[in-house]
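Trainee: For reference, the structure I am asking about is given below.
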Amino acid sequence: MASYPSEALLEILEAGKPVAFPTDTLPALAIKPQYAQRLWQLKQRPAHKPLILMAAEMDQLIAVLMIPPPPGWQALVDKGWPGALTLVLPAAGPVQEALNPGGSSLGLRIPACPMALQFLRRSGPLATTSVNRSGQPACTSPEEIANKFPNLALLAPLPWPPGSGKASTVVGWHQGENGSCWQILRQGNSLINIAEIGGSEQS
């Protein structure tokens, strides 16, 4: 298994290549946002499935949206970050287009894994997804990753701190004809009560 210290992984990222590191849920397959297309190619992933922007700092994530966040977003962040919550917010601009081509939103997450946060503080926000070929189960350990993606650089040291093995909960801002509201798009490892958040807008 090829594992590298963070300094070496940062150089690999700058060269436009993907890397993998642990999170509190599933290991992340990551790349600089401007090279995001390479993750779809590596995973053989359908083009309509967007990637997630992961970072260590909330301000870094909100800054790339180019659109003010909708009502209630701060309450969700307070409950779910850092942690197993992916927040899908209205977005525009180059990062949104790179991670969700043709879409109008961007998934954001701050993981609750000290090893991941330490690395993300140095790398800046990264385009991320689970480590697997599209349609196959996500890898949950460095050993699995090395077996299925032998050329992928892994963050050292090994072994990684164990994650939950379950994907994050995805909560998105839904803009409909009769108003807008928060919706749980995928129930994962973070329990979020939408009713407590508020922020709905009726038209």
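Residue numbers start at 1 in each chain; chains themselves are named A, B, ... in the order of the structure tokens; ligands are numbered from 1 in the order shown.
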Could you please write out, as a VMD selection string, every residue of chain A that DSSP assigns to strand (DSSP E or B)?
Mentor: chain A and resid 3 to 4 19 to 21 28 to 31 52 to 54 85 to 90 105 to 109 126 to 130 153 to 155 169 to 176 179 to 186 201 to 202
Trainee: Could you take the residues named above and write them with C-alpha atoms, as a PDB file, in the first residue's frame?
Mentor:
ATOM      1  CA  SER A   3       0.790   5.887   1.779  1.00  0.00           C
ATOM      2  CA  TYR A   4       2.371   9.335   1.794  1.00  0.00           C
ATOM      3  CA  VAL A  19      -5.782  11.126  -3.411  1.00  0.00           C
ATOM      4  CA  ALA A  20      -7.657   9.342  -0.620  1.00  0.00           C
ATOM      5  CA  PHE A  21      -7.943  10.091   3.082  1.00  0.00           C
ATOM      6  CA  ALA A  28     -12.857  10.276   0.658  1.00  0.00           C
ATOM      7  CA  LEU A  29     -11.597  10.253  -2.910  1.00  0.00           C
ATOM      8  CA  ALA A  30     -10.451  13.824  -3.454  1.00  0.00           C
ATOM      9  CA  ILE A  31      -9.017  16.160  -6.057  1.00  0.00           C
ATOM     10  CA  ILE A  52     -19.174  17.219  -2.772  1.00  0.00           C
ATOM     11  CA  LEU A  53     -16.924  20.117  -1.790  1.00  0.00           C
ATOM     12  CA  MET A  54     -15.182  19.259   1.492  1.00  0.00           C
ATOM     13  CA  LEU A  85     -23.929  16.138   7.224  1.00  0.00           C
ATOM     14  CA  THR A  86     -23.744  17.165   3.585  1.00  0.00           C
ATOM     15  CA  LEU A  87     -25.578  20.428   2.976  1.00  0.00           C
ATOM     16  CA  VAL A  88     -26.812  21.092  -0.575  1.00  0.00           C
ATOM     17  CA  LEU A  89     -27.214  24.826  -1.185  1.00  0.00           C
ATOM     18  CA  PRO A  90     -28.061  26.982  -4.201  1.00  0.00           C
ATOM     19  CA  SER A 105     -26.518  23.704  -6.328  1.00  0.00           C
ATOM     20  CA  LEU A 106     -23.436  22.526  -4.490  1.00  0.00           C
ATOM     21  CA  GLY A 107     -23.012  19.913  -1.760  1.00  0.00           C
ATOM     22  CA  LEU A 108     -20.806  21.024   1.134  1.00  0.00           C
ATOM     23  CA  ARG A 109     -19.320  19.173   4.095  1.00  0.00           C
ATOM     24  CA  LEU A 126     -11.433  19.642  -2.314  1.00  0.00           C
ATOM     25  CA  ALA A 127     -13.888  17.941  -4.656  1.00  0.00           C
ATOM     26  CA  THR A 128     -14.742  14.638  -3.003  1.00  0.00           C
ATOM     27  CA  THR A 129     -16.749  11.448  -3.360  1.00  0.00           C
ATOM     28  CA  SER A 130     -16.655   7.917  -1.972  1.00  0.00           C
ATOM     29  CA  ALA A 153      -2.060   7.782  -3.126  1.00  0.00           C
ATOM     30  CA  LEU A 154      -3.254   7.342   0.468  1.00  0.00           C
ATOM     31  CA  LEU A 155      -2.708   9.756   3.338  1.00  0.00           C
ATOM     32  CA  THR A 169     -26.941  12.542   5.670  1.00  0.00           C
ATOM     33  CA  VAL A 170     -27.736  14.872   2.762  1.00  0.00           C
ATOM     34  CA  VAL A 171     -30.034  17.845   3.396  1.00  0.00           C
ATOM     35  CA  GLY A 172     -30.917  20.180   0.544  1.00  0.00           C
ATOM     36  CA  TRP A 173     -32.810  23.413  -0.043  1.00  0.00           C
ATOM     37  CA  HIS A 174     -35.713  22.574  -2.349  1.00  0.00           C
ATOM     38  CA  GLN A 175     -37.143  25.411  -4.427  1.00  0.00           C
ATOM     39  CA  GLY A 176     -40.637  24.499  -5.613  1.00  0.00           C
ATOM     40  CA  GLY A 179     -42.498  27.625  -1.886  1.00  0.00           C
ATOM     41  CA  SER A 180     -39.092  26.502  -0.721  1.00  0.00           C
ATOM     42  CA  CYS A 181     -38.035  24.317   2.183  1.00  0.00           C
ATOM     43  CA  TRP A 182     -35.352  22.000   3.521  1.00  0.00           C
ATOM     44  CA  GLN A 183     -35.582  18.338   2.572  1.00  0.00           C
ATOM     45  CA  ILE A 184     -33.641  15.245   3.619  1.00  0.00           C
ATOM     46  CA  LEU A 185     -32.309  13.860   0.339  1.00  0.00           C
ATOM     47  CA  ARG A 186     -30.480  10.920   1.921  1.00  0.00           C
ATOM     48  CA  GLU A 201     -40.478  30.125   2.401  1.00  0.00           C
ATOM     49  CA  GLN A 202     -44.056  30.008   1.090  1.00  0.00           C
TER      50      GLN A 202
END
Trainee: Which residues are close to A:Gly83, i.e. within 9 Å by only C-alpha atoms, leaving aside same-chain residues fewer than 3 positions away? Reply as number ranges by chain.
Mentor: A: 24-25, 79-80, 86, 109-113, 168, 189-190
Trainee: Would you export the selected residues with N, CA, C and O atoms as a PDB file, in the first residue's frame, please?
Mentor:
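Writing done, so here's again-v4.pdb:
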ATOM      1  N   ASP A  24     -14.946  10.750   8.995  1.00  0.00           N
ATOM      2  CA  ASP A  24     -15.721  10.128  10.059  1.00  0.00           C
ATOM      3  C   ASP A  24     -16.795   9.192   9.525  1.00  0.00           C
ATOM      4  O   ASP A  24     -17.415   8.459  10.292  1.00  0.00           O
ATOM      5  N   THR A  25     -17.032   9.203   8.202  1.00  0.00           N
ATOM      6  CA  THR A  25     -18.037   8.329   7.597  1.00  0.00           C
ATOM      7  C   THR A  25     -17.341   7.282   6.734  1.00  0.00           C
ATOM      8  O   THR A  25     -16.987   6.214   7.200  1.00  0.00           O
ATOM      9  N   LYS A  79     -25.812  22.281  13.914  1.00  0.00           N
ATOM     10  CA  LYS A  79     -26.153  20.932  14.348  1.00  0.00           C
ATOM     11  C   LYS A  79     -25.268  19.863  13.709  1.00  0.00           C
ATOM     12  O   LYS A  79     -25.011  18.825  14.316  1.00  0.00           O
ATOM     13  N   GLY A  80     -24.842  20.106  12.465  1.00  0.00           N
ATOM     14  CA  GLY A  80     -24.230  19.026  11.708  1.00  0.00           C
ATOM     15  C   GLY A  80     -22.765  19.125  11.362  1.00  0.00           C
ATOM     16  O   GLY A  80     -22.179  18.140  10.904  1.00  0.00           O
ATOM     17  N   THR A  86     -24.030  16.475   4.838  1.00  0.00           N
ATOM     18  CA  THR A  86     -23.744  17.165   3.585  1.00  0.00           C
ATOM     19  C   THR A  86     -24.898  18.118   3.323  1.00  0.00           C
ATOM     20  O   THR A  86     -26.058  17.707   3.278  1.00  0.00           O
ATOM     21  N   ARG A 109     -19.470  19.955   2.864  1.00  0.00           N
ATOM     22  CA  ARG A 109     -19.320  19.173   4.095  1.00  0.00           C
ATOM     23  C   ARG A 109     -18.019  19.492   4.818  1.00  0.00           C
ATOM     24  O   ARG A 109     -16.984  19.731   4.175  1.00  0.00           O
ATOM     25  N   ILE A 110     -18.081  19.510   6.151  1.00  0.00           N
ATOM     26  CA  ILE A 110     -16.904  19.554   7.014  1.00  0.00           C
ATOM     27  C   ILE A 110     -16.916  18.274   7.837  1.00  0.00           C
ATOM     28  O   ILE A 110     -17.823  18.062   8.646  1.00  0.00           O
ATOM     29  N   PRO A 111     -15.966  17.379   7.638  1.00  0.00           N
ATOM     30  CA  PRO A 111     -15.980  16.096   8.351  1.00  0.00           C
ATOM     31  C   PRO A 111     -15.510  16.235   9.796  1.00  0.00           C
ATOM     32  O   PRO A 111     -14.774  17.160  10.135  1.00  0.00           O
ATOM     33  N   ALA A 112     -15.944  15.303  10.631  1.00  0.00           N
ATOM     34  CA  ALA A 112     -15.524  15.285  12.040  1.00  0.00           C
ATOM     35  C   ALA A 112     -14.434  14.239  12.228  1.00  0.00           C
ATOM     36  O   ALA A 112     -14.573  13.304  13.013  1.00  0.00           O
ATOM     37  N   CYS A 113     -13.354  14.389  11.505  1.00  0.00           N
ATOM     38  CA  CYS A 113     -12.214  13.477  11.598  1.00  0.00           C
ATOM     39  C   CYS A 113     -10.959  14.339  11.715  1.00  0.00           C
ATOM     40  O   CYS A 113     -10.617  15.049  10.762  1.00  0.00           O
ATOM     41  N   SER A 168     -22.860  10.065   4.670  1.00  0.00           N
ATOM     42  CA  SER A 168     -23.411  11.214   5.384  1.00  0.00           C
ATOM     43  C   SER A 168     -24.892  11.418   5.050  1.00  0.00           C
ATOM     44  O   SER A 168     -25.384  10.979   4.011  1.00  0.00           O
ATOM     45  N   ASN A 189     -25.654   9.003   8.375  1.00  0.00           N
ATOM     46  CA  ASN A 189     -25.154   8.778   9.729  1.00  0.00           C
ATOM     47  C   ASN A 189     -25.416   9.945  10.671  1.00  0.00           C
ATOM     48  O   ASN A 189     -25.082   9.872  11.838  1.00  0.00           O
ATOM     49  N   SER A 190     -25.987  11.027  10.173  1.00  0.00           N
ATOM     50  CA  SER A 190     -26.297  12.181  11.009  1.00  0.00           C
ATOM     51  C   SER A 190     -27.809  12.335  11.092  1.00  0.00           C
ATOM     52  O   SER A 190     -28.491  12.387  10.065  1.00  0.00           O
TER      53      SER A 190
END
Trainee: Would you mind writing down, as a ChimeraX atom specification, each residue of stretch 27-189 of chain A that DSSP on the backbone assigns to alpha helix (DSSP H)?
Mentor: /A:37-43,58-63,73-80,94-99,114-123,142-148
Trainee: Atom CA of A:Gln187 and atom CA of A:Pro69, how far apart in Å?
Mentor: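 One can read the atom CA of A:Pro69 to atom CA of A:Gln187 distance as 21.8 Å.
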Trainee: Which is closer to A:Gln74 than all the others in A:Glu177, A:Glu144, A:Glu11, A:Asp59, using only C-alpha atoms?
Mentor: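 Among the listed residues, A:Asp59 lies closest to A:Gln74.
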Trainee: Restricting the calculation to only C-alpha atoms: of A:Arg133, A:Met1, A:Leu76, A:Glu143, which residue gets closest to A:Arg45?
Mentor: A:Arg133
Trainee: Name the residues in contact with stretch 120-123 of chain A at a cut-off of 7 Å, using only C-alpha atoms, excluding same-chain residues fewer than 6 positions from it; report them as a list in words.
Mentor: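 Answer for this query is Leu10, Ala55 and Ala56 of chain A.
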Trainee: Could you write out the selected residues, including N, CA and C atoms, as an mmCIF file, in the first residue's frame?
Mentor:
data_model
loop_
_atom_site.group_PDB
_atom_site.id
_atom_site.type_symbol
_atom_site.label_atom_id
_atom_site.label_comp_id
_atom_site.auth_asym_id
_atom_site.auth_seq_id
_atom_site.Cartn_x
_atom_site.Cartn_y
_atom_site.Cartn_z
ATOM 1 N N LEU A 10 -0.111 16.752 -0.971
ATOM 2 C CA LEU A 10 -0.411 18.095 -1.478
ATOM 3 C C LEU A 10 0.221 18.319 -2.852
ATOM 4 N N ALA A 55 -14.196 20.750 3.109
ATOM 5 C CA ALA A 55 -13.193 21.686 3.613
ATOM 6 C C ALA A 55 -13.133 21.589 5.128
ATOM 7 N N ALA A 56 -12.176 22.312 5.715
ATOM 8 C CA ALA A 56 -12.034 22.342 7.165
ATOM 9 C C ALA A 56 -12.705 23.553 7.781
#
Trainee: Excluding A:Ala15 and its own-chain neighbours fewer than 6 positions away, which residues fall within 12 Å of it when counting only C-alpha atoms? Please give them as a list in words.
Mentor: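 Close residues of A:Ala15: Ala8, Leu9, Ile31, Lys32, Gln34 and Tyr35 of chain A.
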Trainee: Using only C-alpha atoms, pick whichever of A:Pro50, A:Pro33, A:Gly93, A:Pro114 has the shortest atom-to-atom distance to A:Gly16.
Mentor: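 Of A:Pro50, A:Pro33, A:Gly93, A:Pro114, the one nearest A:Gly16 is A:Pro33, counting only C-alpha atoms.
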Trainee: Quick check, in Å to one decimal: how far apart do atom CA of A:Phe119 and atom CA of A:Pro18 lie?
Mentor: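 Pair atom CA of A:Phe119 / atom CA of A:Pro18 returns 14.0 Å.
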Trainee: Need the shell around A:Ser104: protein/DNA/RNA residues with any atom at most 8 Å away, counting only C-alpha atoms. Skip same-chain ones fewer than 6 positions apart. Format as number ranges by chain?
Mentor: A: 90-92, 96
